[in-house]
$ cat protein-v6.txt   # compact mmCIF, C-alpha atoms
# COMPACT_ATOMS: atom_id res chain seq x y z
CA MET A 20 -204.00 2.62 -115.65
CA LYS A 21 -207.47 2.04 -114.38
CA THR A 22 -208.47 -1.10 -116.19
CA HIS A 23 -206.88 -4.36 -117.23
CA MET A 24 -207.33 -3.33 -120.86
CA ASP A 25 -205.30 -0.15 -120.33
CA GLN A 26 -202.46 -2.19 -118.93
CA ILE A 27 -202.74 -4.80 -121.70
CA LEU A 28 -202.44 -2.07 -124.34
CA HIS A 29 -199.59 -0.37 -122.49
CA ILE A 30 -197.54 -3.58 -122.32
CA LEU A 31 -198.45 -4.47 -125.91
CA GLN A 32 -197.32 -1.06 -127.13
CA LYS A 33 -193.99 -1.55 -125.37
CA ASP A 34 -193.50 -5.00 -126.95
CA LEU A 35 -194.42 -3.71 -130.41
CA ARG A 36 -191.83 -0.97 -130.08
CA ARG A 37 -189.15 -3.31 -128.76
CA LEU A 38 -189.65 -5.95 -131.42
CA ARG A 39 -190.61 -3.76 -134.38
CA TRP A 40 -187.71 -4.86 -136.62
CA GLU A 41 -188.24 -8.52 -135.82
CA ILE A 42 -191.97 -8.19 -136.53
CA ALA A 43 -191.27 -6.49 -139.85
CA THR A 44 -188.76 -9.18 -140.85
CA VAL A 45 -190.97 -12.10 -139.90
CA THR A 46 -194.07 -10.57 -141.51
CA PHE A 47 -192.16 -9.86 -144.70
CA ALA A 48 -190.83 -13.43 -144.83
CA THR A 49 -194.30 -14.85 -144.16
CA LEU A 50 -195.98 -12.78 -146.86
CA LEU A 51 -193.17 -13.41 -149.37
CA LEU A 52 -193.44 -17.13 -148.80
CA ALA A 53 -197.22 -16.96 -149.25
CA TRP A 54 -196.83 -14.98 -152.46
CA LEU A 55 -194.41 -17.56 -153.86
CA ASN A 56 -196.39 -20.54 -152.64
CA GLY A 57 -199.46 -19.23 -154.41
CA ASP A 58 -197.71 -19.37 -157.75
CA ASN A 59 -198.94 -22.50 -159.55
CA ARG A 60 -195.85 -22.53 -161.77
CA LEU A 61 -193.68 -23.42 -158.78
CA VAL A 62 -195.60 -26.61 -158.03
CA VAL A 63 -193.87 -28.32 -160.93
CA PRO A 64 -191.00 -25.99 -161.82
CA VAL A 65 -189.84 -26.20 -165.40
CA THR A 66 -187.60 -23.25 -166.11
CA ARG A 67 -184.39 -22.48 -164.26
CA GLN A 68 -186.00 -19.41 -162.70
CA GLU A 69 -188.90 -21.47 -161.38
CA GLN A 70 -186.51 -24.08 -160.00
CA THR A 71 -184.52 -21.37 -158.17
CA LEU A 72 -187.67 -19.90 -156.66
CA ASN A 73 -188.92 -23.33 -155.69
CA GLN A 74 -185.63 -24.08 -153.95
CA PHE A 75 -185.78 -20.70 -152.21
CA CYS A 76 -189.27 -21.51 -150.89
CA LEU A 77 -188.00 -24.84 -149.56
CA TRP A 78 -185.34 -22.99 -147.59
CA LEU A 79 -187.53 -20.14 -146.51
CA ALA A 80 -190.38 -22.24 -145.10
CA PRO A 81 -188.46 -23.80 -142.14
CA LEU A 82 -186.58 -20.55 -141.56
CA ASN A 83 -189.90 -18.80 -141.31
CA VAL A 84 -191.05 -21.21 -138.61
CA LEU A 85 -187.78 -20.65 -136.75
CA ALA A 86 -188.27 -16.90 -137.06
CA TRP A 87 -191.76 -17.17 -135.53
CA TRP A 88 -190.24 -19.07 -132.64
CA PHE A 89 -187.52 -16.54 -132.12
CA LEU A 90 -190.09 -13.78 -132.15
CA LEU A 91 -192.16 -15.64 -129.57
CA VAL A 92 -189.20 -16.36 -127.34
CA SER A 93 -188.05 -12.74 -127.56
CA LEU A 94 -191.57 -11.64 -126.67
CA ILE A 95 -191.83 -13.85 -123.62
CA HIS A 96 -188.24 -13.19 -122.60
CA GLY A 97 -189.17 -9.52 -122.11
CA GLU A 98 -191.16 -10.49 -119.01
CA VAL A 99 -190.01 -14.00 -118.27
CA ILE A 100 -191.74 -15.76 -115.37
CA PRO A 101 -189.11 -17.97 -113.65
CA GLY A 102 -186.47 -16.12 -111.67
CA VAL A 103 -186.26 -13.35 -109.08
CA ARG A 104 -184.37 -10.59 -110.87
CA GLN A 105 -186.84 -9.50 -113.52
CA PHE A 106 -187.84 -5.87 -113.70
CA TRP A 107 -191.59 -6.55 -113.91
CA LEU A 108 -191.76 -8.69 -110.75
CA THR A 109 -191.53 -5.66 -108.48
CA ARG A 110 -193.69 -3.36 -110.59
CA PRO A 111 -197.49 -3.14 -110.44
CA TYR A 112 -198.06 -5.61 -113.26
CA ARG A 113 -201.32 -7.55 -113.15
CA ARG A 114 -200.61 -11.10 -114.22
CA GLY A 115 -203.83 -11.31 -116.21
CA ALA A 116 -202.96 -8.14 -118.10
CA LEU A 117 -199.46 -9.40 -118.82
CA LEU A 118 -200.82 -12.66 -120.21
CA GLY A 119 -203.44 -10.77 -122.20
CA ALA A 120 -200.81 -8.48 -123.71
CA LYS A 121 -198.66 -11.41 -124.80
CA LEU A 122 -201.61 -13.26 -126.33
CA LEU A 123 -202.76 -10.14 -128.15
CA PHE A 124 -199.24 -9.71 -129.52
CA VAL A 125 -199.25 -13.29 -130.83
CA LEU A 126 -202.65 -12.74 -132.45
CA LEU A 127 -201.60 -9.46 -134.03
CA CYS A 128 -198.05 -10.21 -135.06
CA ILE A 129 -198.11 -13.92 -135.90
CA ASN A 130 -201.62 -15.24 -136.36
CA LEU A 131 -202.87 -12.28 -138.35
CA PRO A 132 -199.93 -12.20 -140.83
CA VAL A 133 -200.20 -15.97 -141.26
CA LEU A 134 -203.93 -15.67 -141.91
CA LEU A 135 -203.25 -12.90 -144.37
CA ALA A 136 -200.53 -14.98 -146.00
CA ASP A 137 -202.95 -17.87 -146.41
CA ALA A 138 -205.45 -15.56 -148.03
CA ILE A 139 -202.78 -14.26 -150.42
CA ALA A 140 -201.61 -17.76 -151.32
CA LEU A 141 -205.19 -18.91 -151.95
CA SER A 142 -206.03 -15.86 -154.04
CA ARG A 143 -202.88 -16.33 -156.13
CA ALA A 144 -203.87 -19.94 -156.69
CA GLY A 145 -207.31 -18.85 -157.89
CA ILE A 146 -209.30 -19.78 -154.80
CA SER A 147 -211.42 -17.20 -153.01
CA PRO A 148 -210.51 -17.06 -149.28
CA ALA A 149 -214.15 -16.22 -148.47
CA THR A 150 -215.24 -19.69 -149.57
CA VAL A 151 -212.81 -21.49 -147.22
CA TRP A 152 -212.67 -19.11 -144.23
CA THR A 153 -213.66 -21.78 -141.69
CA GLY A 154 -210.82 -23.98 -142.88
CA MET A 155 -208.45 -21.03 -142.63
CA LEU A 156 -209.53 -20.37 -139.04
CA TRP A 157 -209.14 -24.02 -138.11
CA LYS A 158 -205.67 -23.93 -139.60
CA GLN A 159 -204.90 -21.01 -137.28
CA VAL A 160 -206.05 -23.04 -134.28
CA LEU A 161 -203.88 -26.01 -135.29
CA PHE A 162 -200.99 -23.71 -136.13
CA THR A 163 -201.22 -22.09 -132.69
CA LEU A 164 -201.38 -25.43 -130.91
CA THR A 165 -198.57 -27.14 -132.80
CA ALA A 166 -196.19 -24.36 -133.79
CA LEU A 167 -196.71 -21.52 -131.34
CA LEU A 168 -197.41 -23.19 -128.01
CA PRO A 169 -193.96 -24.87 -127.82
CA GLY A 170 -192.46 -21.41 -128.34
CA LEU A 171 -194.68 -19.93 -125.65
CA ALA A 172 -193.49 -22.64 -123.26
CA SER A 173 -189.87 -21.64 -123.81
CA PRO A 174 -189.60 -19.33 -120.75
CA SER A 175 -189.65 -22.39 -118.57
CA SER A 176 -186.53 -23.64 -120.33
CA PRO A 177 -183.05 -23.15 -118.81
CA PRO A 178 -181.66 -19.62 -119.26
CA ALA A 179 -178.94 -20.83 -121.64
CA TRP A 180 -181.63 -21.99 -124.09
CA ARG A 181 -183.14 -18.56 -124.09
CA LYS A 182 -179.92 -16.77 -124.97
CA PRO A 183 -180.28 -17.11 -128.75
CA SER A 184 -183.51 -15.17 -128.46
CA SER A 185 -181.76 -11.82 -128.47
CA PRO A 186 -183.78 -9.08 -130.13
CA ARG A 187 -182.01 -9.45 -133.46
CA SER A 188 -182.11 -13.25 -133.53
CA ALA A 189 -184.97 -13.64 -135.97
CA TRP A 190 -183.20 -11.45 -138.47
CA HIS A 191 -179.81 -13.12 -137.90
CA CYS A 192 -181.41 -16.52 -138.22
CA LEU A 193 -183.00 -15.63 -141.54
CA CYS A 194 -179.91 -13.94 -142.93
CA GLY A 195 -177.32 -16.31 -141.49
CA CYS A 196 -179.00 -19.52 -142.62
CA SER A 197 -179.93 -18.18 -145.99
CA ARG A 198 -176.25 -18.05 -146.93
CA ARG A 199 -176.57 -21.72 -147.77
CA SER A 200 -179.77 -21.23 -149.72
CA PRO A 201 -180.05 -19.54 -153.12
CA SER A 202 -178.93 -15.97 -152.54
CA ILE A 203 -181.57 -13.34 -151.84
CA THR A 204 -180.21 -11.31 -154.77
CA THR A 205 -180.70 -14.24 -157.14
CA CYS A 206 -184.25 -14.75 -155.93
CA LEU A 207 -185.16 -11.07 -156.10
CA THR A 208 -183.70 -10.91 -159.60
CA THR A 209 -185.74 -13.94 -160.58
CA LEU A 210 -188.88 -12.45 -158.98
CA SER A 211 -188.46 -9.24 -160.89
CA GLY A 212 -188.17 -11.27 -164.06
CA GLY A 213 -184.51 -10.43 -164.64
CA MET B 17 -188.43 -12.67 -99.70
CA LEU B 18 -190.07 -9.45 -98.47
CA MET B 19 -190.87 -8.62 -102.09
CA ASN B 20 -192.45 -12.05 -102.55
CA LEU B 21 -189.75 -13.05 -105.02
CA LEU B 22 -188.76 -16.06 -102.94
CA GLN B 23 -191.01 -18.31 -100.90
CA PRO B 24 -190.08 -18.65 -97.22
CA SER B 25 -189.46 -22.14 -95.86
CA ALA B 26 -190.55 -20.99 -92.40
CA GLY B 27 -191.46 -17.86 -90.46
CA GLN B 28 -193.45 -14.87 -91.52
CA ALA B 29 -193.01 -11.24 -92.45
CA SER B 30 -195.43 -8.44 -93.18
CA VAL B 31 -194.95 -5.56 -95.57
CA LEU B 32 -197.12 -2.44 -95.27
CA GLY B 33 -199.47 -4.32 -93.01
CA GLY B 34 -199.95 -7.36 -95.24
CA ASP B 35 -198.39 -10.80 -95.43
CA CYS B 36 -195.40 -10.54 -97.79
CA ARG B 37 -196.50 -13.78 -99.49
CA THR B 38 -199.60 -12.01 -100.80
CA LEU B 39 -197.70 -9.07 -102.23
CA THR B 40 -198.34 -8.87 -106.00
CA GLY B 41 -199.38 -6.48 -108.74
CA ASP B 42 -201.10 -3.42 -107.36
CA GLY B 43 -199.30 -3.79 -104.01
CA PHE B 44 -196.15 -2.59 -105.75
CA ARG B 45 -197.70 0.81 -106.39
CA ARG B 46 -196.73 1.68 -102.82
CA ILE B 47 -193.26 0.16 -102.93
CA GLY B 48 -190.08 1.24 -104.65
CA TYR B 49 -187.57 -1.56 -105.14
CA VAL B 50 -184.02 -1.12 -106.35
CA ALA B 51 -181.53 -3.97 -106.41
CA GLU B 52 -178.00 -4.03 -107.70
CA ASP B 53 -178.51 -7.21 -109.70
CA GLN B 54 -182.03 -6.56 -110.93
CA GLU B 55 -182.58 -6.93 -114.67
CA GLN B 56 -183.76 -3.79 -116.40
CA PRO B 57 -185.34 -3.27 -119.82
CA ASP B 58 -181.96 -2.11 -121.04
CA TRP B 59 -183.13 -1.63 -124.63
CA MET B 60 -185.13 1.39 -123.39
CA THR B 61 -183.74 4.88 -123.12
CA VAL B 62 -183.98 6.61 -119.76
CA GLY B 63 -186.90 8.67 -121.08
CA GLN B 64 -188.69 5.57 -122.36
CA LEU B 65 -188.21 3.84 -119.01
CA LEU B 66 -189.82 6.73 -117.16
CA ASP B 67 -192.59 7.06 -119.73
CA TYR B 68 -193.24 3.34 -119.49
CA CYS B 69 -193.34 3.31 -115.69
CA ARG B 70 -195.47 6.43 -115.26
CA PRO B 71 -198.92 4.98 -116.18
CA PHE B 72 -198.47 2.15 -113.68
CA TYR B 73 -198.48 4.58 -110.77
CA PRO B 74 -201.43 6.88 -110.02
CA THR B 75 -199.24 8.88 -107.64
CA TRP B 76 -196.51 9.59 -110.20
CA ASP B 77 -195.07 13.04 -109.54
CA ALA B 78 -193.82 14.45 -112.83
CA ALA B 79 -192.22 17.45 -111.10
CA LEU B 80 -190.24 15.17 -108.78
CA ALA B 81 -189.15 13.02 -111.72
CA THR B 82 -187.95 16.11 -113.59
CA GLU B 83 -186.13 17.33 -110.51
CA MET B 84 -184.32 14.01 -110.11
CA ILE B 85 -183.44 13.87 -113.80
CA THR B 86 -181.87 17.31 -113.51
CA ARG B 87 -180.08 16.53 -110.27
CA PHE B 88 -178.65 13.25 -111.54
CA ALA B 89 -177.94 14.73 -115.00
CA LEU B 90 -179.64 11.74 -116.57
CA PRO B 91 -179.44 11.61 -120.37
CA LEU B 92 -183.04 10.91 -121.38
CA ASP B 93 -182.15 9.76 -124.87
CA ARG B 94 -179.51 7.22 -123.88
CA LYS B 95 -180.30 3.53 -123.61
CA LEU B 96 -179.95 1.95 -120.19
CA LYS B 97 -177.47 -0.58 -121.55
CA HIS B 98 -175.17 2.27 -122.56
CA LEU B 99 -175.16 3.89 -119.12
CA SER B 100 -172.46 3.40 -116.53
CA ARG B 101 -173.41 1.36 -113.48
CA GLY B 102 -173.87 4.47 -111.37
CA MET B 103 -176.02 6.25 -113.94
CA GLY B 104 -178.06 3.09 -114.43
CA MET B 105 -178.74 2.93 -110.70
CA LYS B 106 -179.73 6.60 -110.69
CA ALA B 107 -182.16 6.01 -113.57
CA VAL B 108 -183.74 3.06 -111.79
CA LEU B 109 -183.86 5.02 -108.53
CA THR B 110 -185.64 7.87 -110.31
CA SER B 111 -188.19 5.45 -111.75
CA SER B 112 -188.70 4.03 -108.25
CA LEU B 113 -188.97 7.28 -106.29
CA ALA B 114 -191.00 9.44 -108.68
CA TYR B 115 -194.29 8.02 -107.46
CA ARG B 116 -193.46 8.75 -103.82
CA PRO B 117 -193.66 5.17 -102.54
CA GLU B 118 -194.50 4.55 -98.90
CA LEU B 119 -191.73 1.98 -98.68
CA ILE B 120 -188.41 1.93 -100.51
CA VAL B 121 -186.49 -1.33 -100.49
CA LEU B 122 -182.88 -1.25 -101.63
CA ASP B 123 -180.93 -4.45 -102.02
CA GLU B 124 -177.16 -3.91 -102.03
CA PRO B 125 -177.51 -0.54 -103.72
CA PHE B 126 -173.97 0.72 -103.17
CA GLY B 127 -171.93 -2.01 -104.84
CA ALA B 128 -169.57 -0.70 -107.51
CA LEU B 129 -170.74 2.89 -107.12
CA ASP B 130 -168.05 5.52 -106.88
CA PRO B 131 -168.06 7.75 -103.76
CA LEU B 132 -169.59 10.74 -105.52
CA VAL B 133 -172.48 8.71 -106.92
CA ARG B 134 -172.98 7.12 -103.49
CA ASP B 135 -173.27 10.54 -101.93
CA GLU B 136 -175.81 11.69 -104.48
CA PHE B 137 -177.69 8.44 -104.11
CA VAL B 138 -177.81 8.66 -100.32
CA GLU B 139 -178.69 12.35 -100.43
CA SER B 140 -181.75 11.74 -102.60
CA LEU B 141 -182.80 8.92 -100.29
CA ILE B 142 -182.46 11.04 -97.16
CA GLU B 143 -184.68 13.69 -98.76
CA ARG B 144 -187.41 11.06 -99.08
CA ALA B 145 -186.97 9.90 -95.48
CA PRO B 146 -189.65 12.15 -93.90
CA GLU B 147 -192.41 10.71 -96.08
CA THR B 148 -191.30 7.12 -96.53
CA THR B 149 -189.71 4.14 -94.86
CA ILE B 150 -186.42 3.08 -96.41
CA LEU B 151 -185.16 -0.46 -95.94
CA ILE B 152 -181.63 -1.11 -97.10
CA SER B 153 -180.06 -4.53 -97.26
CA SER B 154 -176.31 -4.07 -97.48
CA HIS B 155 -172.93 -5.40 -96.49
CA ASP B 156 -171.52 -1.90 -96.78
CA LEU B 157 -171.79 -1.18 -93.08
CA ALA B 158 -169.63 1.95 -93.07
CA GLU B 159 -171.98 3.57 -95.60
CA ILE B 160 -175.13 2.51 -93.77
CA GLU B 161 -173.86 3.80 -90.45
CA THR B 162 -173.76 7.37 -91.73
CA PHE B 163 -177.52 7.68 -92.12
CA ALA B 164 -179.41 4.62 -90.82
CA THR B 165 -181.72 5.09 -87.85
CA HIS B 166 -182.48 1.42 -87.21
CA ILE B 167 -180.33 -1.64 -87.73
CA GLY B 168 -181.32 -5.27 -88.19
CA PHE B 169 -178.72 -8.00 -88.26
CA MET B 170 -179.46 -11.17 -90.17
CA GLU B 171 -177.37 -14.27 -90.19
CA GLN B 172 -178.23 -17.36 -92.16
CA GLY B 173 -181.83 -16.29 -92.54
CA ARG B 174 -182.35 -15.43 -88.88
CA LEU B 175 -182.92 -11.94 -87.57
CA ILE B 176 -180.47 -11.73 -84.69
CA PHE B 177 -181.58 -8.28 -83.59
CA ALA B 178 -183.37 -5.19 -84.88
CA GLU B 179 -183.25 -1.91 -83.02
CA GLU B 180 -182.38 1.76 -83.14
CA LEU B 181 -178.80 2.48 -84.02
CA GLU B 182 -178.49 4.80 -81.03
CA SER B 183 -179.48 2.18 -78.47
CA LEU B 184 -177.36 -0.42 -80.25
CA ALA B 185 -174.32 1.83 -80.09
CA ALA B 186 -175.04 2.46 -76.38
CA ARG B 187 -175.31 -1.18 -75.39
CA VAL B 188 -172.59 -2.78 -77.48
CA ARG B 189 -169.15 -1.73 -76.27
CA GLU B 190 -165.64 -2.99 -76.44
CA VAL B 191 -164.49 -3.27 -72.86
CA GLU B 192 -160.84 -3.18 -71.90
CA VAL B 193 -160.03 -4.15 -68.32
CA THR B 194 -156.50 -3.49 -67.10
CA PHE B 195 -155.24 -5.22 -63.99
CA ALA B 196 -152.38 -4.19 -61.77
CA GLY B 197 -150.78 -7.61 -62.09
CA SER B 198 -151.55 -10.36 -64.55
CA ALA B 199 -155.18 -10.81 -65.58
CA PRO B 200 -157.15 -13.50 -63.75
CA GLU B 201 -158.34 -16.74 -65.39
CA LEU B 202 -161.65 -16.44 -67.18
CA ALA B 203 -164.43 -17.70 -64.98
CA PRO B 204 -166.57 -20.57 -66.31
CA ASP B 205 -169.72 -18.58 -65.59
CA TRP B 206 -168.57 -15.88 -68.00
CA PRO B 207 -171.72 -13.99 -69.13
CA GLN B 208 -173.00 -14.96 -72.57
CA THR B 209 -173.25 -11.32 -73.52
CA TRP B 210 -169.48 -10.92 -73.26
CA LEU B 211 -168.06 -11.94 -76.60
CA ASN B 212 -164.62 -12.81 -77.93
CA PRO B 213 -162.53 -12.43 -74.74
CA GLN B 214 -158.83 -11.85 -75.34
CA LEU B 215 -156.16 -11.90 -72.70
CA SER B 216 -152.97 -10.00 -73.36
CA GLY B 217 -150.73 -9.70 -70.28
CA PRO B 218 -152.53 -7.57 -67.73
CA VAL B 219 -155.22 -6.54 -70.19
CA LEU B 220 -158.52 -8.33 -70.84
CA ARG B 221 -160.60 -7.27 -73.84
CA PHE B 222 -164.09 -8.37 -74.81
CA VAL B 223 -167.22 -7.09 -76.51
CA ASP B 224 -170.13 -6.56 -74.19
CA THR B 225 -173.49 -6.66 -75.95
CA ARG B 226 -175.40 -5.49 -72.85
CA PHE B 227 -172.99 -2.97 -71.46
CA ILE B 228 -173.75 -1.48 -68.06
CA ALA B 229 -170.68 0.12 -66.51
CA GLN B 230 -171.60 -0.76 -62.90
CA ASP B 231 -172.12 -4.44 -63.74
CA VAL B 232 -168.74 -4.71 -65.42
CA ALA B 233 -167.04 -2.92 -62.53
CA ALA B 234 -168.73 -5.26 -60.05
CA CYS B 235 -167.36 -8.29 -61.90
CA PHE B 236 -163.78 -7.01 -61.77
CA PRO B 237 -163.20 -5.54 -58.28
CA ALA B 238 -159.42 -5.99 -58.70
CA ALA B 239 -159.30 -4.05 -61.92
CA HIS B 240 -156.87 -1.19 -62.09
CA ARG B 241 -158.82 0.49 -64.90
CA ILE B 242 -161.89 -0.20 -67.03
CA ASP B 243 -162.41 1.46 -70.40
CA ALA B 244 -165.43 1.04 -72.65
CA ARG B 245 -165.49 2.40 -76.17
CA PRO B 246 -168.27 2.34 -78.76
CA LEU B 247 -167.89 0.14 -81.79
CA THR B 248 -168.49 0.87 -85.41
CA LEU B 249 -171.18 -1.20 -87.11
CA ARG B 250 -168.49 -3.10 -88.92
CA ASP B 251 -166.77 -4.02 -85.64
CA MET B 252 -170.09 -5.03 -84.11
CA PHE B 253 -170.82 -7.24 -87.08
CA LEU B 254 -167.37 -8.83 -86.87
CA ALA B 255 -167.68 -9.46 -83.13
CA LEU B 256 -171.12 -11.05 -83.48
CA ALA B 257 -170.12 -13.13 -86.50
CA LYS B 258 -166.95 -14.39 -84.79
CA ALA B 259 -168.85 -15.20 -81.60
CA ASN B 260 -171.55 -17.08 -83.52
CA ARG B 261 -168.97 -19.02 -85.47
CA ALA B 262 -167.06 -19.89 -82.29
CA ALA B 263 -170.30 -21.00 -80.61
CA LYS B 264 -171.12 -23.30 -83.51
CA SER B 265 -167.68 -24.87 -83.70

$ encode --input "protein-v6.txt" --output "structure tokens"
Amino acid sequence: MKTHMDQILHILQKDLRRLRWEIATVTFATLLLAWLNGDNRLVVPVTRQEQTLNQFCLWLAPLNVLAWWFLLVSLIHGEVIPGVRQFWLTRPYRRGALLGAKLLFVLLCINLPVLLADAIALSRAGISPATVWTGMLWKQVLFTLTALLPGLASPSSPPAWRKPSSPRSAWHCLCGCSRRSPSITTCLTTLSGG
Amino acid sequence: MLMNLLQPSAGQASVLGGDCRTLTGDGFRRIGYVAEDQEQPDWMTVGQLLDYCRPFYPTWDAALATEMITRFALPLDRKLKHLSRGMGMKAVLTSSLAYRPELIVLDEPFGALDPLVRDEFVESLIERAPETTILISSHDLAEIETFATHIGFMEQGRLIFAEELESLAARVREVEVTFAGSAPELAPDWPQTWLNPQLSGPVLRFVDTRFIAQDVAACFPAAHRIDARPLTLRDMFLALAKANRAAKS
């Protein structure tokens, strides 16, 4: 790898392959939530179906944030900085490239789906995303600072804190916690109009 | 510390001509590091590990990698976490030797490896010996003794000595002095290089770390017989450790 960019893309490719199922799960949850949130009928739910979907959204929203965190922690945990036993420490990693790869991952796999989700929610609510794009970008900045940075700081936490960030954690978190929320089957049935 | 994983509190060391504290990133293109307790990307298969490592090293030798895969019978499609300890070490060794590093650093590489795997491991290392320097940190002294050319002995962060195994074996001897009658009292000016003296009837035993036969004979003119035998590395280590402990207490 001659350039920093080559190494950034090489590390990014590895992370995308390692976390592909987690990325798919989190992206799906984000887009689903956006789709539901864009439905004006759910603002003041009247029918039983609308109430069920509304309740589902209330459960899904915090789980989605947790899933983003788990994805972030899993990402950083792949090449964690504190410690002396990590694989990458004795390989020709350039620190700048490593940081660049992680930031690019966050942009591609979290910021971009969230931006897309916002656009979907706005469109469903009858607002053109093109008219409010600056606001959407500012929201991304705030979102990164308030929701993502604490997750990025997690590698400096004690190892025991990082244990829940196993590769399947985001999925387990979503599935495990949703047992107490309206069942996925109920919601999918409601969504399909059944 | 040599790999710049830990910061030294004092002293200095250089690796491939540079201060070890400045060793980062591209410096590791010339170094192969394998440690027993090192974390590996165990979600990768062996093939993925090698494919992932290859672009980092301009000197990657695909033919050598293939040869090692064949020799070690590495299953390319199996994840590292599903490999036995020995196979895992072989996979990591392959990923660390395939780019023909100038320096190979092995930290306790033989722990929990069965004898056959050890042999294969050592064999592949010895083959690299003409083109590379191999530094092994190990407590497995019997294993090291079979192929090491130089030995360094560290105790509590201090390098006690570092020299060729041949000269070490020549100068460190267990001396057994047999007297006709009972052995004499140990003199107060007993040389510091004579360690762990033991009196047993007419026989005096000690470890001489600067053995010269004439000097020993001159010190014991009344001796009936003087024998000096070479020590194994393990025995040398024990003698030095015991002597150091006794000196401290």

$ closest_atom_pairs --input "protein-v6.txt" --of "chain B" --to "chain A" --cutoff "8 Å" --atoms "all atoms listed in the file" --output "JSON lines"
{"residue": "B:Met19", "atom": "CA", "partner": "A:Thr109", "partner_atom": "CA", "distance": 7.1}
{"residue": "B:Leu21", "atom": "CA", "partner": "A:Val103", "partner_atom": "CA", "distance": 5.4}
{"residue": "B:Leu22", "atom": "CA", "partner": "A:Val103", "partner_atom": "CA", "distance": 7.2}
{"residue": "B:Thr40", "atom": "CA", "partner": "A:Pro111", "partner_atom": "CA", "distance": 7.3}
{"residue": "B:Gly41", "atom": "CA", "partner": "A:Pro111", "partner_atom": "CA", "distance": 4.2}
{"residue": "B:Asp42", "atom": "CA", "partner": "A:Pro111", "partner_atom": "CA", "distance": 4.8}
{"residue": "B:Gly43", "atom": "CA", "partner": "A:Pro111", "partner_atom": "CA", "distance": 6.7}
{"residue": "B:Phe44", "atom": "CA", "partner": "A:Pro111", "partner_atom": "CA", "distance": 4.9}
{"residue": "B:Arg45", "atom": "CA", "partner": "A:Pro111", "partner_atom": "CA", "distance": 5.7}
{"residue": "B:Tyr49", "atom": "CA", "partner": "A:Thr109", "partner_atom": "CA", "distance": 6.6}
{"residue": "B:Asp53", "atom": "CA", "partner": "A:Arg104", "partner_atom": "CA", "distance": 6.9}
{"residue": "B:Gln54", "atom": "CA", "partner": "A:Arg104", "partner_atom": "CA", "distance": 4.7}
{"residue": "B:Glu55", "atom": "CA", "partner": "A:Gln105", "partner_atom": "CA", "distance": 5.1}
{"residue": "B:Gln56", "atom": "CA", "partner": "A:Phe106", "partner_atom": "CA", "distance": 5.3}
{"residue": "B:Pro57", "atom": "CA", "partner": "A:Phe106", "partner_atom": "CA", "distance": 7.1}
{"residue": "B:Trp59", "atom": "CA", "partner": "A:Arg37", "partner_atom": "CA", "distance": 7.5}
{"residue": "B:Tyr68", "atom": "CA", "partner": "A:Lys33", "partner_atom": "CA", "distance": 7.7}
{"residue": "B:Pro71", "atom": "CA", "partner": "A:Met20", "partner_atom": "CA", "distance": 5.6}
{"residue": "B:Phe72", "atom": "CA", "partner": "A:Met20", "partner_atom": "CA", "distance": 5.9}
{"residue": "B:Tyr73", "atom": "CA", "partner": "A:Met20", "partner_atom": "CA", "distance": 7.6}
{"residue": "B:Pro74", "atom": "CA", "partner": "A:Met20", "partner_atom": "CA", "distance": 7.5}

$ write_last_selection --input "protein-v6.txt" --atoms "C-alpha atoms" --output "mmCIF file, in the frame of the given file"
data_model
loop_
_atom_site.group_PDB
_atom_site.id
_atom_site.type_symbol
_atom_site.label_atom_id
_atom_site.label_comp_id
_atom_site.auth_asym_id
_atom_site.auth_seq_id
_atom_site.Cartn_x
_atom_site.Cartn_y
_atom_site.Cartn_z
ATOM 1 C CA MET B 19 -190.870 -8.620 -102.090
ATOM 2 C CA LEU B 21 -189.750 -13.050 -105.020
ATOM 3 C CA LEU B 22 -188.760 -16.060 -102.940
ATOM 4 C CA THR B 40 -198.340 -8.870 -106.000
ATOM 5 C CA GLY B 41 -199.380 -6.480 -108.740
ATOM 6 C CA ASP B 42 -201.100 -3.420 -107.360
ATOM 7 C CA GLY B 43 -199.300 -3.790 -104.010
ATOM 8 C CA PHE B 44 -196.150 -2.590 -105.750
ATOM 9 C CA ARG B 45 -197.700 0.810 -106.390
ATOM 10 C CA TYR B 49 -187.570 -1.560 -105.140
ATOM 11 C CA ASP B 53 -178.510 -7.210 -109.700
ATOM 12 C CA GLN B 54 -182.030 -6.560 -110.930
ATOM 13 C CA GLU B 55 -182.580 -6.930 -114.670
ATOM 14 C CA GLN B 56 -183.760 -3.790 -116.400
ATOM 15 C CA PRO B 57 -185.340 -3.270 -119.820
ATOM 16 C CA TRP B 59 -183.130 -1.630 -124.630
ATOM 17 C CA TYR B 68 -193.240 3.340 -119.490
ATOM 18 C CA PRO B 71 -198.920 4.980 -116.180
ATOM 19 C CA PHE B 72 -198.470 2.150 -113.680
ATOM 20 C CA TYR B 73 -198.480 4.580 -110.770
ATOM 21 C CA PRO B 74 -201.430 6.880 -110.020
#

$ residues_near_point --input "protein-v6.txt" --point "(-157.6, -5.5, -58.1)" --cutoff "10 Å" --atoms "all atoms listed in the file" --output "list in words"
Thr194, Phe195, Ala196, Gly197, Ala199, Pro200, Phe236, Pro237, Ala238, Ala239, His240 and Arg241 of chain B

$ closest_residue --input "protein-v6.txt" --among "B:Arg187, B:Arg37, B:Arg261, B:Lys95" --to "Glu171 of chain B" --atoms "all atoms listed in the file"
B:Arg261

$ atom_distance --input "protein-v6.txt" --atom1 "atom CA of Val232 of chain B" --atom2 "atom CA of Glu161 of chain B"
26.9 Å
